[in-house]
Amino acid sequence: MSKKKKLVVLMGLLFLIGVSGFTGYMLHDGQNNAPEANKEKTTETNKKAKEPTIIDVKGTKDTKETTEQPISNEDTEDTIVAKEIRVTNQALVDAYFSYSSTQEQFQHIMPLTTKAFQQKMQEAAGIGGEAVKSRIVKRQAYWNDDSSLHPEMTNLITQRVAVNGSEYEQTSYMRIVFEKEENQWKMADMAITLVGSTKKGS
């Protein structure tokens with residue numbers, strides 16, 4: 001083999017050795033760097049996993065929150081008013097139909113009436129006699145729901161009346177109109193309708 005050919009072969013072998021070494025180095029370096037890349041990816045993944053997920057809940061409270069209606073006191077107030085009026089109504093029925101004299105009757109009725117009605121009673125103060133007595137035998141009271149301006153109650157009363165030694169049993173309807181005066185419910189007007197009267201003897 002000539003000297004020139006030996007030189008060419010030698011250069012070819014050196015080239016192959018260099019390429020092989022470079023390839024091996026690159027493969028080795030790639031293997032060394034791969035874990036670092038995977039490690040970085042794993043770290044980033046773990047970091048993302050550890051970070052809390054932020055959920056925008058703005059407006060959720062406004063959407064789900066229900067507006068609670070304020071408790072109305074209307075029913076309670078109506079109940080209180082009705083109770084006060086029923087108490088006054090019972091006192092008025094007792095005063096009108098259960099008495100030992102007309103003077104006693106007036107004395108019991110006057111505080112339960114408005115000033116305007118008291119004037120009417122004073123004008124009629126001379127009607128009746130001291131000998132008249134009365135007591136209640138039976139009573140029923142009804143609330144008048146048809147009244148829009150002033151509360152009203154209707155009473156069905158059976159009374160035993162004694163006049164000059166004679167007794168009568170009378171049944172009457174008494175309608176009472178109420179008005180609030182001086183922070184109290186009082187009788188502003190009334191009407192008595194006689195249903196029947198039966199003499200019980202002397």
# chains A, B, ... in the order shown; residues from 1 in each chain; ligands from 1

$ select_by_dssp --residues "region 74-155 of chain A" --states "alpha helix (DSSP H)" --output "PyMOL selection string"
chain A and resi 74-97+102-109+115-123

$ atom_distance --atom1 "CA of Ser134 (chain A)" --atom2 "CA of Val177 (chain A)"
22.9 Å

$ residues_around --residues "Trp143 (chain A)" --least-positions-apart "4" --cutoff "12 Å" --atoms "only C-alpha atoms" --output "list in words"
Ala82, Lys83, Ile85, Arg86, Asn89, Ser147, His150, Pro151, Glu152, Met153, Thr154, Asn155, Leu156, Arg175, Ile176, Val177 and Phe178 of chain A

$ write_last_selection --atoms "C-alpha atoms" --output "PDB file, in the first residue's frame"
ATOM      1  CA  ALA A  82    -109.593  43.562  69.026  1.00  0.00           C
ATOM      2  CA  LYS A  83    -108.744  42.401  72.546  1.00  0.00           C
ATOM      3  CA  ILE A  85    -112.269  46.586  72.199  1.00  0.00           C
ATOM      4  CA  ARG A  86    -113.762  43.315  73.436  1.00  0.00           C
ATOM      5  CA  ASN A  89    -117.478  46.056  74.959  1.00  0.00           C
ATOM      6  CA  SER A 147    -117.186  48.343  59.452  1.00  0.00           C
ATOM      7  CA  HIS A 150    -114.705  52.614  63.162  1.00  0.00           C
ATOM      8  CA  PRO A 151    -114.689  49.203  64.863  1.00  0.00           C
ATOM      9  CA  GLU A 152    -118.123  47.881  65.738  1.00  0.00           C
ATOM     10  CA  MET A 153    -119.520  45.060  67.831  1.00  0.00           C
ATOM     11  CA  THR A 154    -123.068  43.740  68.018  1.00  0.00           C
ATOM     12  CA  ASN A 155    -124.381  42.180  71.211  1.00  0.00           C
ATOM     13  CA  LEU A 156    -127.419  39.996  71.707  1.00  0.00           C
ATOM     14  CA  ARG A 175    -124.678  47.771  68.345  1.00  0.00           C
ATOM     15  CA  ILE A 176    -121.676  49.705  69.658  1.00  0.00           C
ATOM     16  CA  VAL A 177    -119.379  51.924  67.594  1.00  0.00           C
ATOM     17  CA  PHE A 178    -115.918  52.424  69.055  1.00  0.00           C
TER      18      PHE A 178
END

$ residues_around --residues "Ile157 (chain A)" --least-positions-apart "5" --cutoff "10 Å" --atoms "only C-alpha atoms" --output "JSON, numbers by chain"
{"A": [93, 97, 136, 137, 138, 139, 140, 141, 170, 171, 172, 173, 174, 192, 194, 195]}

$ closest_residue --among "A:Gln184, A:Gln159, A:Gly165, A:Thr88" --to "Thr198 (chain A)" --atoms "only C-alpha atoms"
A:Gln159

$ decode --residues "region 89-120 of chain A" --atoms "N, CA and C atoms" --output "short mmCIF file (atom, residue, chain, number, x, y, z; two decimals), in the first residue's frame"
data_model
loop_
_atom_site.label_atom_id
_atom_site.label_comp_id
_atom_site.auth_asym_id
_atom_site.auth_seq_id
_atom_site.Cartn_x
_atom_site.Cartn_y
_atom_site.Cartn_z
N ASN A 89 -116.12 46.47 75.32
CA ASN A 89 -117.48 46.06 74.96
C ASN A 89 -118.15 45.31 76.11
N GLN A 90 -117.42 44.41 76.73
CA GLN A 90 -117.99 43.65 77.84
C GLN A 90 -118.33 44.57 79.02
N ALA A 91 -117.43 45.52 79.29
CA ALA A 91 -117.69 46.47 80.38
C ALA A 91 -118.91 47.32 80.09
N LEU A 92 -119.08 47.72 78.83
CA LEU A 92 -120.25 48.53 78.45
C LEU A 92 -121.55 47.74 78.58
N VAL A 93 -121.54 46.49 78.14
CA VAL A 93 -122.74 45.65 78.25
C VAL A 93 -123.10 45.45 79.72
N ASP A 94 -122.10 45.21 80.56
CA ASP A 94 -122.36 45.07 82.00
C ASP A 94 -122.96 46.36 82.56
N ALA A 95 -122.40 47.50 82.16
CA ALA A 95 -122.89 48.78 82.69
C ALA A 95 -124.31 49.08 82.22
N TYR A 96 -124.63 48.74 80.99
CA TYR A 96 -125.95 49.05 80.44
C TYR A 96 -127.05 48.13 80.95
N PHE A 97 -126.73 46.87 81.15
CA PHE A 97 -127.78 45.89 81.40
C PHE A 97 -127.70 45.25 82.79
N SER A 98 -126.74 45.66 83.60
CA SER A 98 -126.65 45.11 84.95
C SER A 98 -126.42 46.26 85.93
N TYR A 99 -127.50 46.69 86.62
CA TYR A 99 -127.42 47.84 87.52
C TYR A 99 -128.56 47.78 88.54
N SER A 100 -128.39 48.53 89.61
CA SER A 100 -129.42 48.60 90.66
C SER A 100 -130.23 49.89 90.57
N SER A 101 -129.74 50.86 89.83
CA SER A 101 -130.46 52.12 89.62
C SER A 101 -129.92 52.78 88.37
N THR A 102 -130.70 53.69 87.80
CA THR A 102 -130.25 54.40 86.61
C THR A 102 -129.05 55.28 86.91
N GLN A 103 -128.98 55.77 88.16
CA GLN A 103 -127.83 56.58 88.55
C GLN A 103 -126.55 55.74 88.51
N GLU A 104 -126.63 54.54 89.06
CA GLU A 104 -125.48 53.63 89.01
C GLU A 104 -125.13 53.28 87.57
N GLN A 105 -126.17 53.08 86.75
CA GLN A 105 -125.95 52.76 85.34
C GLN A 105 -125.14 53.85 84.65
N PHE A 106 -125.55 55.10 84.86
CA PHE A 106 -124.86 56.23 84.24
C PHE A 106 -123.42 56.35 84.73
N GLN A 107 -123.22 56.13 86.00
CA GLN A 107 -121.88 56.26 86.58
C GLN A 107 -120.91 55.24 85.98
N HIS A 108 -121.41 54.06 85.68
CA HIS A 108 -120.57 53.02 85.11
C HIS A 108 -120.34 53.22 83.61
N ILE A 109 -121.33 53.80 82.95
CA ILE A 109 -121.22 53.97 81.50
C ILE A 109 -120.33 55.15 81.12
N MET A 110 -120.45 56.25 81.84
CA MET A 110 -119.79 57.51 81.47
C MET A 110 -118.29 57.35 81.19
N PRO A 111 -117.50 56.69 82.03
CA PRO A 111 -116.04 56.59 81.76
C PRO A 111 -115.70 55.79 80.50
N LEU A 112 -116.67 55.03 80.01
CA LEU A 112 -116.44 54.15 78.86
C LEU A 112 -116.86 54.79 77.54
N THR A 113 -117.30 56.03 77.58
CA THR A 113 -117.80 56.70 76.38
C THR A 113 -116.94 57.92 76.04
N THR A 114 -117.06 58.36 74.79
CA THR A 114 -116.34 59.56 74.36
C THR A 114 -117.02 60.79 74.96
N LYS A 115 -116.33 61.91 74.94
CA LYS A 115 -116.88 63.15 75.50
C LYS A 115 -118.13 63.59 74.77
N ALA A 116 -118.16 63.36 73.45
CA ALA A 116 -119.35 63.72 72.68
C ALA A 116 -120.56 62.89 73.10
N PHE A 117 -120.34 61.60 73.36
CA PHE A 117 -121.47 60.76 73.77
C PHE A 117 -121.87 61.05 75.21
N GLN A 118 -120.93 61.45 76.04
CA GLN A 118 -121.26 61.82 77.42
C GLN A 118 -122.24 63.01 77.44
N GLN A 119 -122.07 63.92 76.48
CA GLN A 119 -122.99 65.06 76.38
C GLN A 119 -124.41 64.59 76.09
N LYS A 120 -124.54 63.60 75.22
CA LYS A 120 -125.86 63.05 74.91
C LYS A 120 -126.47 62.38 76.14
#
